[in-house]
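Undergrad: Contents of structure32.csv (CSV, C-alpha atoms) are given next:
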```csv
chain,number,residue,atom,x,y,z
A,1,MET,CA,-31.6,101.0,-47.0
A,2,THR,CA,-29.9,104.3,-46.5
A,3,GLY,CA,-28.8,106.7,-43.8
A,4,THR,CA,-25.9,107.3,-41.5
A,5,THR,CA,-24.5,104.6,-39.3
A,6,PRO,CA,-26.1,106.0,-36.1
A,7,ASP,CA,-29.5,106.3,-37.9
A,8,SER,CA,-29.3,102.8,-39.3
A,9,PHE,CA,-28.3,101.3,-35.9
A,10,HIS,CA,-30.9,103.3,-34.0
A,11,HIS,CA,-33.7,102.4,-36.4
A,12,MET,CA,-33.1,98.6,-36.2
A,13,TRP,CA,-32.5,98.7,-32.5
A,14,THR,CA,-35.9,100.4,-32.0
A,15,GLN,CA,-37.6,97.9,-34.2
A,16,LEU,CA,-36.2,95.0,-32.1
A,17,ALA,CA,-36.9,96.5,-28.7
A,18,ALA,CA,-40.5,95.2,-28.3
A,19,LEU,CA,-40.0,91.7,-29.8
A,20,GLY,CA,-40.1,89.0,-27.1
A,21,ARG,CA,-40.1,91.4,-24.2
A,22,ASP,CA,-42.0,90.5,-21.0
A,23,ARG,CA,-43.8,93.6,-19.7
A,24,SER,CA,-43.8,92.5,-16.1
A,25,THR,CA,-40.0,91.8,-15.8
A,26,THR,CA,-38.9,94.0,-18.7
A,27,GLY,CA,-36.6,91.1,-19.6
A,28,TYR,CA,-36.6,89.2,-22.9
A,29,ARG,CA,-38.0,85.7,-23.4
A,30,ARG,CA,-36.8,84.9,-26.9
A,31,TYR,CA,-36.7,81.2,-26.8
A,32,ALA,CA,-35.9,79.0,-29.8
A,33,TRP,CA,-38.8,77.9,-32.1
A,34,THR,CA,-41.5,79.9,-30.3
A,35,PRO,CA,-43.7,82.7,-31.6
A,36,ALA,CA,-41.2,85.3,-30.4
A,37,ASP,CA,-38.4,83.5,-32.3
A,38,THR,CA,-40.6,83.5,-35.4
A,39,GLU,CA,-41.0,87.3,-35.2
A,40,LEU,CA,-37.2,87.7,-34.8
A,41,ARG,CA,-36.6,85.5,-37.8
A,42,ALA,CA,-39.1,87.5,-39.9
A,43,TRP,CA,-37.3,90.7,-38.8
A,44,PHE,CA,-33.9,89.2,-39.9
A,45,ARG,CA,-35.3,88.3,-43.3
A,46,GLU,CA,-36.9,91.8,-43.7
A,47,GLN,CA,-33.5,93.4,-43.0
A,48,ALA,CA,-31.8,91.2,-45.5
A,49,GLU,CA,-34.3,91.8,-48.2
A,50,ALA,CA,-34.4,95.5,-47.6
A,51,ARG,CA,-30.7,95.6,-48.4
A,52,GLY,CA,-31.0,93.4,-51.5
A,53,LEU,CA,-29.2,90.5,-49.7
A,54,THR,CA,-29.9,86.9,-50.5
A,55,HIS,CA,-31.7,85.3,-47.6
A,56,GLU,CA,-31.6,81.6,-46.8
A,57,THR,CA,-32.3,79.3,-43.8
A,58,ASP,CA,-30.0,76.3,-43.7
A,59,HIS,CA,-31.1,72.8,-42.7
A,60,ASN,CA,-30.1,73.4,-39.1
A,61,GLY,CA,-32.4,76.5,-38.8
A,62,ASN,CA,-29.6,79.1,-39.0
A,63,GLN,CA,-30.4,82.2,-41.1
A,64,TRP,CA,-27.9,83.7,-43.6
A,65,ALA,CA,-28.0,87.0,-45.5
A,66,TRP,CA,-25.5,87.1,-48.4
A,67,LEU,CA,-23.9,90.0,-50.2
A,68,GLY,CA,-22.2,88.3,-53.1
A,69,ASP,CA,-22.3,84.7,-54.4
A,70,PRO,CA,-22.9,82.2,-51.5
A,71,ASP,CA,-21.2,79.5,-53.6
A,72,ALA,CA,-18.1,81.4,-54.5
A,73,GLY,CA,-16.1,80.4,-51.4
A,74,ASP,CA,-13.6,82.4,-49.4
A,75,ALA,CA,-16.5,84.3,-47.7
A,76,ILE,CA,-16.2,86.6,-44.7
A,77,VAL,CA,-19.1,86.0,-42.2
A,78,THR,CA,-20.3,88.0,-39.3
A,79,GLY,CA,-23.4,88.0,-37.0
A,80,SER,CA,-24.5,86.4,-33.8
A,81,HIS,CA,-27.9,85.2,-32.4
A,82,LEU,CA,-31.3,86.7,-31.6
A,83,ASP,CA,-32.5,84.3,-28.9
A,84,SER,CA,-32.2,85.0,-25.1
A,85,VAL,CA,-31.9,83.5,-21.7
A,86,PRO,CA,-35.0,83.7,-19.5
A,87,ASP,CA,-35.6,87.4,-18.8
A,88,GLY,CA,-32.3,88.3,-20.5
A,89,GLY,CA,-31.1,91.6,-21.6
A,90,ALA,CA,-31.5,93.3,-25.0
A,91,PHE,CA,-27.8,93.2,-26.1
A,92,ASP,CA,-26.6,89.6,-25.7
A,93,GLY,CA,-26.8,88.3,-29.3
A,94,PRO,CA,-28.9,91.0,-31.0
A,95,LEU,CA,-26.2,93.6,-30.8
A,96,GLY,CA,-24.0,91.4,-33.1
A,97,VAL,CA,-26.8,90.9,-35.6
A,98,VAL,CA,-27.9,94.6,-35.7
A,99,SER,CA,-24.3,95.7,-35.9
A,100,ALA,CA,-23.7,93.4,-38.8
A,101,PHE,CA,-26.5,94.9,-40.9
A,102,ALA,CA,-25.4,98.4,-39.9
A,103,ALA,CA,-21.8,97.6,-40.9
A,104,VAL,CA,-23.1,96.6,-44.4
A,105,ASP,CA,-24.8,100.0,-44.5
A,106,GLU,CA,-21.6,101.7,-43.5
A,107,LEU,CA,-19.6,99.9,-46.2
A,108,ARG,CA,-22.1,100.9,-48.8
A,109,ALA,CA,-22.0,104.5,-47.6
A,110,ARG,CA,-18.2,104.4,-48.0
A,111,GLY,CA,-18.5,103.1,-51.5
A,112,THR,CA,-16.5,100.0,-50.6
A,113,THR,CA,-16.2,97.3,-53.3
A,114,LEU,CA,-15.6,93.8,-51.8
A,115,THR,CA,-13.7,91.1,-53.5
A,116,ARG,CA,-15.1,88.3,-51.3
A,117,PRO,CA,-18.7,87.3,-50.5
A,118,LEU,CA,-20.0,88.6,-47.2
A,119,ALA,CA,-22.6,87.0,-45.1
A,120,ILE,CA,-24.6,87.9,-41.9
A,121,THR,CA,-25.8,85.1,-39.7
A,122,ASN,CA,-28.4,84.5,-37.0
A,123,PHE,CA,-27.5,81.2,-35.4
A,124,ALA,CA,-30.4,79.2,-33.9
A,125,ASP,CA,-30.8,78.5,-30.2
A,126,GLU,CA,-27.4,79.9,-29.0
A,127,GLU,CA,-28.5,80.4,-25.4
A,128,GLY,CA,-30.0,76.9,-24.9
A,129,ALA,CA,-32.8,78.4,-22.7
A,130,ARG,CA,-35.5,76.1,-24.0
A,131,PHE,CA,-33.7,72.7,-24.6
A,132,GLY,CA,-30.9,73.0,-22.1
A,133,LEU,CA,-28.0,72.9,-24.6
A,134,ALA,CA,-26.2,76.1,-25.8
A,135,CYS,CA,-25.2,76.8,-29.4
A,136,VAL,CA,-27.5,74.1,-30.9
A,137,GLY,CA,-27.4,75.7,-34.4
A,138,SER,CA,-23.7,76.1,-34.6
A,139,ARG,CA,-23.0,72.8,-32.9
A,140,LEU,CA,-25.1,71.0,-35.5
A,141,THR,CA,-23.4,72.8,-38.4
A,142,ALA,CA,-19.9,72.1,-37.0
A,143,GLY,CA,-20.7,68.4,-36.4
A,144,ARG,CA,-20.4,68.8,-32.6
A,145,LEU,CA,-24.0,67.7,-32.1
A,146,THR,CA,-25.4,64.7,-33.9
A,147,ARG,CA,-28.8,64.4,-35.3
A,148,ASP,CA,-29.7,61.7,-32.8
A,149,GLN,CA,-28.5,63.9,-29.9
A,150,ALA,CA,-30.5,66.8,-31.2
A,151,TYR,CA,-33.6,64.6,-31.6
A,152,ALA,CA,-33.3,63.6,-27.9
A,153,LEU,CA,-33.4,67.2,-26.6
A,154,ARG,CA,-36.6,68.1,-24.7
A,155,ASP,CA,-37.9,71.3,-23.2
A,156,ALA,CA,-39.6,71.6,-19.8
A,157,ASP,CA,-42.9,70.5,-21.2
A,158,GLY,CA,-41.5,67.4,-22.9
A,159,ILE,CA,-41.6,68.8,-26.4
A,160,SER,CA,-38.8,67.6,-28.5
A,161,LEU,CA,-36.5,69.8,-30.6
A,162,PRO,CA,-37.7,68.4,-33.9
A,163,ASP,CA,-41.4,68.7,-32.9
A,164,ALA,CA,-40.8,72.3,-31.9
A,165,MET,CA,-39.0,73.1,-35.2
A,166,GLU,CA,-41.7,71.4,-37.2
A,167,ALA,CA,-44.4,73.4,-35.4
A,168,ALA,CA,-42.5,76.6,-36.3
A,169,GLY,CA,-42.4,75.6,-40.0
A,170,GLN,CA,-38.8,74.3,-40.1
A,171,ASP,CA,-38.0,70.8,-41.5
A,172,PRO,CA,-36.0,68.9,-38.9
A,173,THR,CA,-35.3,65.8,-40.9
A,174,ARG,CA,-32.0,67.1,-42.3
A,175,LEU,CA,-30.4,68.2,-39.1
A,176,GLY,CA,-26.7,67.5,-39.0
A,177,PRO,CA,-23.2,68.7,-40.1
A,178,ASP,CA,-22.8,71.2,-42.9
A,179,PRO,CA,-19.1,70.8,-44.0
A,180,GLY,CA,-19.7,72.2,-47.5
A,181,ARG,CA,-21.0,75.5,-46.0
A,182,LEU,CA,-18.1,75.8,-43.6
A,183,ALA,CA,-15.6,75.1,-46.4
A,184,ARG,CA,-16.8,78.2,-48.2
A,185,ILE,CA,-16.0,80.4,-45.1
A,186,SER,CA,-12.7,82.1,-44.9
A,187,ALA,CA,-13.3,83.8,-41.5
A,188,TYR,CA,-16.1,84.4,-39.0
A,189,VAL,CA,-16.1,87.6,-36.9
A,190,GLU,CA,-18.7,87.9,-34.1
A,191,LEU,CA,-19.4,91.2,-32.4
A,192,HIS,CA,-20.8,91.0,-28.8
A,193,ILE,CA,-21.4,93.1,-25.8
A,194,GLU,CA,-18.7,92.5,-23.3
A,195,GLN,CA,-19.9,90.3,-20.4
A,196,GLY,CA,-17.7,91.9,-17.8
A,197,ARG,CA,-16.2,95.3,-17.1
A,198,GLY,CA,-12.7,94.9,-18.7
A,199,LEU,CA,-13.3,97.7,-21.3
A,200,GLU,CA,-14.9,100.0,-18.8
A,201,LEU,CA,-11.8,99.7,-16.6
A,202,THR,CA,-9.4,100.4,-19.5
A,203,GLY,CA,-11.6,103.2,-20.9
A,204,ASP,CA,-11.9,101.6,-24.4
A,205,ARG,CA,-15.1,101.3,-26.4
A,206,VAL,CA,-14.1,98.2,-28.4
A,207,GLY,CA,-12.0,95.2,-27.5
A,208,LEU,CA,-10.8,91.9,-29.1
A,209,ALA,CA,-11.2,88.5,-27.7
A,210,SER,CA,-8.1,86.3,-26.9
A,211,ALA,CA,-9.8,83.1,-25.8
A,212,ILE,CA,-12.9,81.5,-24.2
A,213,TRP,CA,-12.5,79.7,-21.0
A,214,PRO,CA,-13.4,76.0,-21.0
A,215,HIS,CA,-16.9,75.6,-19.6
A,216,GLY,CA,-19.8,73.1,-19.2
A,217,ARG,CA,-23.1,72.3,-17.6
A,218,TRP,CA,-23.6,69.4,-15.1
A,219,ARG,CA,-26.9,68.2,-13.7
A,220,PHE,CA,-26.9,67.1,-10.0
A,221,ASP,CA,-29.9,64.9,-9.1
A,222,PHE,CA,-30.4,64.4,-5.3
A,223,HIS,CA,-32.9,61.6,-4.7
A,224,GLY,CA,-34.5,61.5,-1.2
A,225,GLU,CA,-37.8,60.5,0.2
A,226,ALA,CA,-41.0,62.5,0.0
A,227,ASN,CA,-42.7,62.9,3.3
A,228,HIS,CA,-44.9,65.2,5.4
A,229,ALA,CA,-43.2,68.4,6.6
A,230,GLY,CA,-45.3,68.6,9.7
A,231,THR,CA,-45.2,65.1,11.0
A,232,THR,CA,-41.8,63.6,10.1
A,233,ARG,CA,-39.1,63.9,12.7
A,234,LEU,CA,-35.9,65.6,11.6
A,235,ALA,CA,-33.9,62.5,12.5
A,236,ASP,CA,-36.1,60.4,10.2
A,237,ARG,CA,-35.9,62.5,7.1
A,238,ARG,CA,-34.0,61.8,3.9
A,239,ASP,CA,-34.2,65.4,2.7
A,240,PRO,CA,-32.4,66.1,-0.6
A,241,MET,CA,-32.7,69.8,-0.2
A,242,LEU,CA,-30.1,69.7,2.6
A,243,SER,CA,-27.7,68.0,0.3
A,244,TYR,CA,-28.4,70.4,-2.5
A,245,ALA,CA,-28.0,73.5,-0.3
A,246,GLU,CA,-24.7,72.4,1.0
A,247,THR,CA,-23.5,71.7,-2.6
A,248,VAL,CA,-24.4,75.2,-3.7
A,249,LEU,CA,-22.3,76.6,-0.9
A,250,ALA,CA,-19.5,74.1,-1.7
A,251,ALA,CA,-19.5,75.3,-5.3
A,252,ARG,CA,-18.9,78.8,-4.2
A,253,ARG,CA,-16.0,77.7,-1.9
A,254,GLU,CA,-14.4,75.6,-4.6
A,255,ALA,CA,-14.6,78.4,-7.2
A,256,VAL,CA,-13.1,81.0,-4.9
A,257,HIS,CA,-10.3,78.6,-3.9
A,258,ARG,CA,-9.4,77.8,-7.6
A,259,GLY,CA,-9.9,81.2,-9.2
A,260,ALA,CA,-12.8,79.8,-11.3
A,261,LEU,CA,-16.6,80.3,-11.6
A,262,ALA,CA,-19.4,77.9,-10.4
A,263,THR,CA,-23.1,78.7,-10.4
A,264,PHE,CA,-26.2,76.8,-9.6
A,265,GLY,CA,-28.7,79.0,-11.4
A,266,LYS,CA,-31.5,76.5,-12.1
A,267,VAL,CA,-33.3,74.1,-9.8
A,268,ALA,CA,-36.3,71.8,-10.0
A,269,VAL,CA,-38.0,70.3,-7.0
A,270,GLU,CA,-40.4,67.4,-6.7
A,271,PRO,CA,-43.1,67.3,-5.5
A,272,ASN,CA,-42.5,71.0,-5.0
A,273,GLY,CA,-45.0,71.5,-2.1
A,274,VAL,CA,-44.7,73.9,0.7
A,275,ASN,CA,-45.6,71.2,3.3
A,276,ALA,CA,-43.7,68.4,1.6
A,277,ILE,CA,-40.2,67.1,2.1
A,278,PRO,CA,-38.8,66.8,-1.5
A,279,SER,CA,-38.3,63.4,-3.1
A,280,LEU,CA,-36.0,65.0,-5.7
A,281,VAL,CA,-34.0,68.1,-6.0
A,282,ARG,CA,-32.3,68.6,-9.4
A,283,GLY,CA,-29.8,71.4,-9.8
A,284,TRP,CA,-27.8,72.5,-12.8
A,285,LEU,CA,-24.2,73.6,-12.3
A,286,ASP,CA,-22.6,76.0,-14.8
A,287,SER,CA,-18.8,76.1,-14.3
A,288,ARG,CA,-16.0,77.8,-16.1
A,289,ALA,CA,-12.3,78.2,-15.4
A,290,PRO,CA,-9.1,79.7,-17.0
A,291,ASP,CA,-7.8,76.2,-18.0
A,292,GLN,CA,-9.0,72.6,-18.3
A,293,ASP,CA,-7.1,71.2,-15.3
A,294,THR,CA,-8.7,73.8,-13.0
A,295,LEU,CA,-12.2,73.1,-14.3
A,296,ASP,CA,-11.8,69.3,-14.0
A,297,ALA,CA,-10.4,69.7,-10.4
A,298,LEU,CA,-13.3,72.0,-9.4
A,299,VAL,CA,-16.0,69.7,-10.7
A,300,THR,CA,-14.4,66.6,-9.3
A,301,ALA,CA,-14.0,68.2,-5.9
A,302,LEU,CA,-17.6,69.4,-5.9
A,303,GLU,CA,-19.0,66.0,-6.8
A,304,GLU,CA,-17.0,64.4,-4.0
A,305,SER,CA,-18.3,67.0,-1.6
A,306,ALA,CA,-21.9,66.5,-2.8
A,307,ARG,CA,-21.6,62.7,-2.5
A,308,ALA,CA,-20.2,63.0,1.0
A,309,ARG,CA,-23.1,65.2,2.1
A,310,ALA,CA,-25.7,63.1,0.4
A,311,GLY,CA,-24.4,60.1,2.3
A,312,LEU,CA,-24.9,61.9,5.6
A,313,ASP,CA,-28.5,62.8,4.6
A,314,GLY,CA,-29.4,59.3,3.3
A,315,VAL,CA,-29.8,60.7,-0.2
A,316,GLU,CA,-28.6,59.2,-3.5
A,317,LEU,CA,-26.8,61.4,-6.0
A,318,THR,CA,-26.4,61.1,-9.8
A,319,VAL,CA,-24.3,63.6,-11.8
A,320,VAL,CA,-24.7,64.0,-15.6
A,321,ARG,CA,-22.5,66.2,-17.8
A,322,GLU,CA,-25.0,67.8,-20.2
A,323,SER,CA,-22.7,69.9,-22.2
A,324,PHE,CA,-19.0,70.8,-22.4
A,325,THR,CA,-16.9,73.2,-24.5
A,326,PRO,CA,-13.1,73.0,-24.2
A,327,VAL,CA,-10.9,76.1,-24.1
A,328,VAL,CA,-11.0,78.1,-27.3
A,329,GLU,CA,-7.9,80.0,-28.3
A,330,PHE,CA,-9.0,82.3,-31.2
A,331,ALA,CA,-6.9,82.0,-34.3
A,332,HIS,CA,-3.8,84.1,-33.7
A,333,THR,CA,-3.3,85.0,-37.4
A,334,LEU,CA,-6.8,86.3,-37.8
A,335,ARG,CA,-6.7,88.1,-34.4
A,336,ASP,CA,-3.4,89.8,-35.3
A,337,GLU,CA,-4.8,90.9,-38.7
A,338,ILE,CA,-7.9,92.4,-37.0
A,339,ASN,CA,-5.7,94.2,-34.5
A,340,ARG,CA,-3.6,95.6,-37.4
A,341,ILE,CA,-6.7,96.7,-39.3
A,342,LEU,CA,-7.9,98.5,-36.1
A,343,GLY,CA,-4.7,100.3,-35.6
A,344,GLY,CA,-2.8,97.9,-33.3
A,345,ARG,CA,-3.9,99.5,-30.1
A,346,ILE,CA,-7.1,97.6,-29.3
A,347,PRO,CA,-7.2,95.8,-25.9
A,348,VAL,CA,-7.2,92.0,-26.1
A,349,LEU,CA,-9.0,90.2,-23.3
A,350,PRO,CA,-10.4,86.7,-22.5
A,351,THR,CA,-14.0,85.8,-21.7
A,352,GLY,CA,-15.7,83.1,-19.7
A,353,ALA,CA,-18.8,83.2,-21.9
A,354,GLY,CA,-19.4,80.7,-24.6
A,355,HIS,CA,-20.4,81.8,-28.2
A,356,ASP,CA,-21.0,80.4,-31.6
A,357,ALA,CA,-17.6,81.8,-32.6
A,358,GLY,CA,-16.1,79.4,-30.1
A,359,ILE,CA,-18.0,76.4,-31.5
A,360,LEU,CA,-17.0,77.2,-35.1
A,361,SER,CA,-13.4,77.8,-34.2
A,362,ALA,CA,-12.4,74.2,-34.8
A,363,SER,CA,-13.8,74.4,-38.3
A,364,VAL,CA,-13.0,78.0,-39.5
A,365,PRO,CA,-10.8,80.9,-38.3
A,366,THR,CA,-12.9,82.9,-35.9
A,367,ALA,CA,-12.6,86.1,-33.9
A,368,MET,CA,-14.7,88.2,-31.6
A,369,LEU,CA,-15.1,92.0,-31.0
A,370,PHE,CA,-16.5,93.3,-27.7
A,371,VAL,CA,-18.4,96.5,-27.1
A,372,ARG,CA,-18.0,98.2,-23.7
A,373,ASN,CA,-20.6,97.3,-21.0
A,374,PRO,CA,-20.3,99.9,-18.3
A,375,THR,CA,-21.9,97.8,-15.5
A,376,GLY,CA,-20.6,94.4,-16.6
A,377,VAL,CA,-24.1,93.0,-16.1
A,378,SER,CA,-25.3,90.4,-18.6
A,379,HIS,CA,-28.1,87.9,-18.9
A,380,SER,CA,-30.3,90.5,-17.2
A,381,PRO,CA,-32.6,93.4,-18.1
A,382,LYS,CA,-29.9,95.7,-16.6
A,383,GLU,CA,-27.5,94.7,-19.4
A,384,SER,CA,-26.6,97.9,-21.2
A,385,ALA,CA,-24.3,99.7,-23.6
A,386,ALA,CA,-24.2,103.4,-24.7
A,387,GLU,CA,-25.4,103.9,-28.2
A,388,ASP,CA,-22.2,105.8,-29.0
A,389,ASP,CA,-20.2,102.8,-28.0
A,390,CYS,CA,-22.5,100.6,-30.1
A,391,VAL,CA,-21.9,102.8,-33.1
A,392,ALA,CA,-18.2,102.7,-32.5
A,393,GLY,CA,-18.5,98.9,-32.5
A,394,VAL,CA,-20.3,99.1,-35.9
A,395,HIS,CA,-17.5,101.3,-37.3
A,396,ALA,CA,-14.9,98.8,-36.0
A,397,LEU,CA,-16.7,95.9,-37.5
A,398,ALA,CA,-17.1,97.7,-40.8
A,399,ASP,CA,-13.3,98.3,-40.8
A,400,VAL,CA,-12.6,94.7,-40.1
A,401,LEU,CA,-15.0,93.4,-42.8
A,402,GLU,CA,-13.6,95.8,-45.3
A,403,GLY,CA,-10.1,94.8,-44.5
A,404,LEU,CA,-10.7,91.1,-44.6
A,405,ALA,CA,-13.1,91.1,-47.6
A,406,ARG,CA,-10.8,93.1,-49.7
A,407,ALA,CA,-7.6,91.2,-48.8
```
Any chance you could give the structure as structure tokens?
TA:
Amino acid sequence: MTGTTPDSFHHMWTQLAALGRDRSTTGYRRYAWTPADTELRAWFREQAEARGLTHETDHNGNQWAWLGDPDAGDAIVTGSHLDSVPDGGAFDGPLGVVSAFAAVDELRARGTTLTRPLAITNFADEEGARFGLACVGSRLTAGRLTRDQAYALRDADGISLPDAMEAAGQDPTRLGPDPGRLARISAYVELHIEQGRGLELTGDRVGLASAIWPHGRWRFDFHGEANHAGTTRLADRRDPMLSYAETVLAARREAVHRGALATFGKVAVEPNGVNAIPSLVRGWLDSRAPDQDTLDALVTALEESARARAGLDGVELTVVRESFTPVVEFAHTLRDEINRILGGRIPVLPTGAGHDAGILSASVPTAMLFVRNPTGVSHSPKESAAEDDCVAGVHALADVLEGLARA
């Protein structure tokens, strides 16, 4: 695989553009262990083999492409994920994987000789769009998701994670921690499009992450009474939609008040009929905050508000925390070294988005590079980055990998 960095990046980006894209929405539906995911995995393997890299899929379904001996230890790892949220954008995840392969091309063009093994990863099911839990592949690897917990995951059609993996040709019987692999990694550096406009405001093409806000997902189940919308008096109704609607508004108020974020972005209604009062409204809260105390206070206040409203509506409420990730403060030593490699003038900024780098941070030193996103839009087909900025990200990543793998 030869060519300049812009050519290398552009070629791969063009190849990926059609995979998993919905023509009607122009967004991507690259869900874990689906035909689209199979195509993406085949693409990753092709890129690895075209560069003479050793390809493997670990027992948690994560893909690895190795330059050097995988068993030598002290490895520098980069990459991201290829799956998407429903109707997501092109950059969230794939930019990090494409940039990693392009960075290897750049290092070879420079004639760089590395003294440590280098690996590129595609972590499985980072977005959690199908089974409702983010970062499944990295959580399993780091021991932050047990085999039994993984086996209990179901998609909207009731298909279990192991059944989905098996249908896609992956053996799920060995799901679980991979401490031996993590022990061989010296550092993990993930490149990602910025999910915000921080770099656009500073005028920088590339930035460095300081920390990931604590965040989690909570499921609010409002149980009411199904009834006829055309014959039931308003006074006689036990309508869970009212309780849910007020809770959505309360989430916004609490987030504004506390300088945090709270979003109800997914809802399921039963029986989901136009002329039927619902028996159940199930809504999923995504909440993030600068610190743990603020996040805890927000969720507690919101649950109290929801219960109070449910009581007025004659509705029962259950709240289940489905996932949680504490604050991640990226390793200062690694972050400072990367900043030094990049000239010491790169902006350092926090993020509210979760990433595999955050999950792995408790096990290995991790860091993140961000590429400028002019609109700040993410998880949407409108997500974008200029190709020149992406190439600048590849050059920065190559500099970092060269600096770390030769240290």
Undergrad: Compile the contact shell of A:Met241 as a ChimeraX atom specification: residues with an atom at most 12 Å away, counting all atoms listed in the file, same-chain residues fewer than 5 positions apart removed.
TA: /A:220-226,246-248,267-272,276-283,306,309-310,313-317
Undergrad: With distances taken over only C-alpha atoms, which residue among A:Val328, A:Ala109, A:Ala32, A:Ala289 lies nearest A:Thr5?
TA: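 Smallest separation from A:Thr5 among the options: A:Ala109.
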Undergrad: Of the candidates A:Arg51, A:Arg340, A:Arg144, A:Lys266, which shows the shortest atom-to-atom distance to A:Pro86, using all atoms listed in the file?
TA: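 Smallest distance to A:Pro86 is found for A:Lys266.
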Undergrad: With all atoms listed in the file as the basis for distance, which of A:Ser305, A:Phe131, A:Arg252, A:Arg258 is at the shortest distance from A:Gly158?
TA: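 Nearest candidate to A:Gly158 out of A:Ser305, A:Phe131, A:Arg252, A:Arg258: A:Phe131.
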Undergrad: Need to verify the contact set: stretch 199-202 of chain A, 7 Å, only C-alpha atoms, exclusion of same-chain residues closer than 4 positions in sequence. Can you return it as a PyMOL selection string?
TA: chain A and resi 207+372-374
Undergrad: Smallest atom-to-atom distance to A:Leu312: which of A:Ala90, A:Ala235, A:Val348, A:Val189, using all atoms listed in the file?
TA: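 Ranked by minimum distance to A:Leu312, first place goes to A:Ala235.
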Undergrad: Using only C-alpha atoms, find the one residue out of A:Thr231, A:Thr325, A:Thr318, A:Ser99 that sits nearest to A:Arg219.
TA: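 Closest residue, counting only C-alpha atoms: A:Thr318.
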Undergrad: Mind pulling up the distance from atom CA of A:Leu401 to atom CA of A:Gly73?
TA: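 These atoms are spaced 15.6 Å apart.
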Undergrad: Since the input lacks some atoms of stretch 30-44 of chain A, please model N, CA and C atoms and print them as a compact mmCIF listing (two decimals), in the coordinates of the input.
TA:
```
# COMPACT_ATOMS: atom_id res chain seq x y z
N ARG A 30 -36.93 85.27 -25.50
CA ARG A 30 -36.80 84.90 -26.90
C ARG A 30 -36.30 83.53 -27.05
N TYR A 31 -37.15 82.55 -26.82
CA TYR A 31 -36.70 81.20 -26.80
C TYR A 31 -36.83 80.56 -28.22
N ALA A 32 -35.98 79.58 -28.49
CA ALA A 32 -35.90 79.00 -29.80
C ALA A 32 -37.25 78.33 -30.20
N TRP A 33 -37.64 78.55 -31.44
CA TRP A 33 -38.80 77.90 -32.10
C TRP A 33 -40.10 78.19 -31.33
N THR A 34 -40.23 79.44 -30.88
CA THR A 34 -41.50 79.90 -30.30
C THR A 34 -41.99 81.08 -31.13
N PRO A 35 -43.21 81.58 -30.84
CA PRO A 35 -43.70 82.70 -31.60
C PRO A 35 -42.77 83.93 -31.58
N ALA A 36 -42.12 84.17 -30.44
CA ALA A 36 -41.20 85.30 -30.40
C ALA A 36 -40.01 85.06 -31.34
N ASP A 37 -39.53 83.83 -31.40
CA ASP A 37 -38.40 83.50 -32.30
C ASP A 37 -38.88 83.66 -33.76
N THR A 38 -40.11 83.31 -34.06
CA THR A 38 -40.60 83.50 -35.40
C THR A 38 -40.65 84.95 -35.81
N GLU A 39 -41.02 85.82 -34.88
CA GLU A 39 -41.00 87.30 -35.20
C GLU A 39 -39.58 87.75 -35.42
N LEU A 40 -38.64 87.27 -34.63
CA LEU A 40 -37.20 87.70 -34.80
C LEU A 40 -36.69 87.21 -36.14
N ARG A 41 -37.06 86.00 -36.53
CA ARG A 41 -36.60 85.50 -37.80
C ARG A 41 -37.19 86.28 -38.98
N ALA A 42 -38.45 86.67 -38.83
CA ALA A 42 -39.10 87.50 -39.90
C ALA A 42 -38.36 88.85 -39.96
N TRP A 43 -38.00 89.40 -38.80
CA TRP A 43 -37.30 90.70 -38.80
C TRP A 43 -35.93 90.53 -39.53
N PHE A 44 -35.21 89.45 -39.25
CA PHE A 44 -33.90 89.20 -39.90
C PHE A 44 -34.09 89.16 -41.42
```
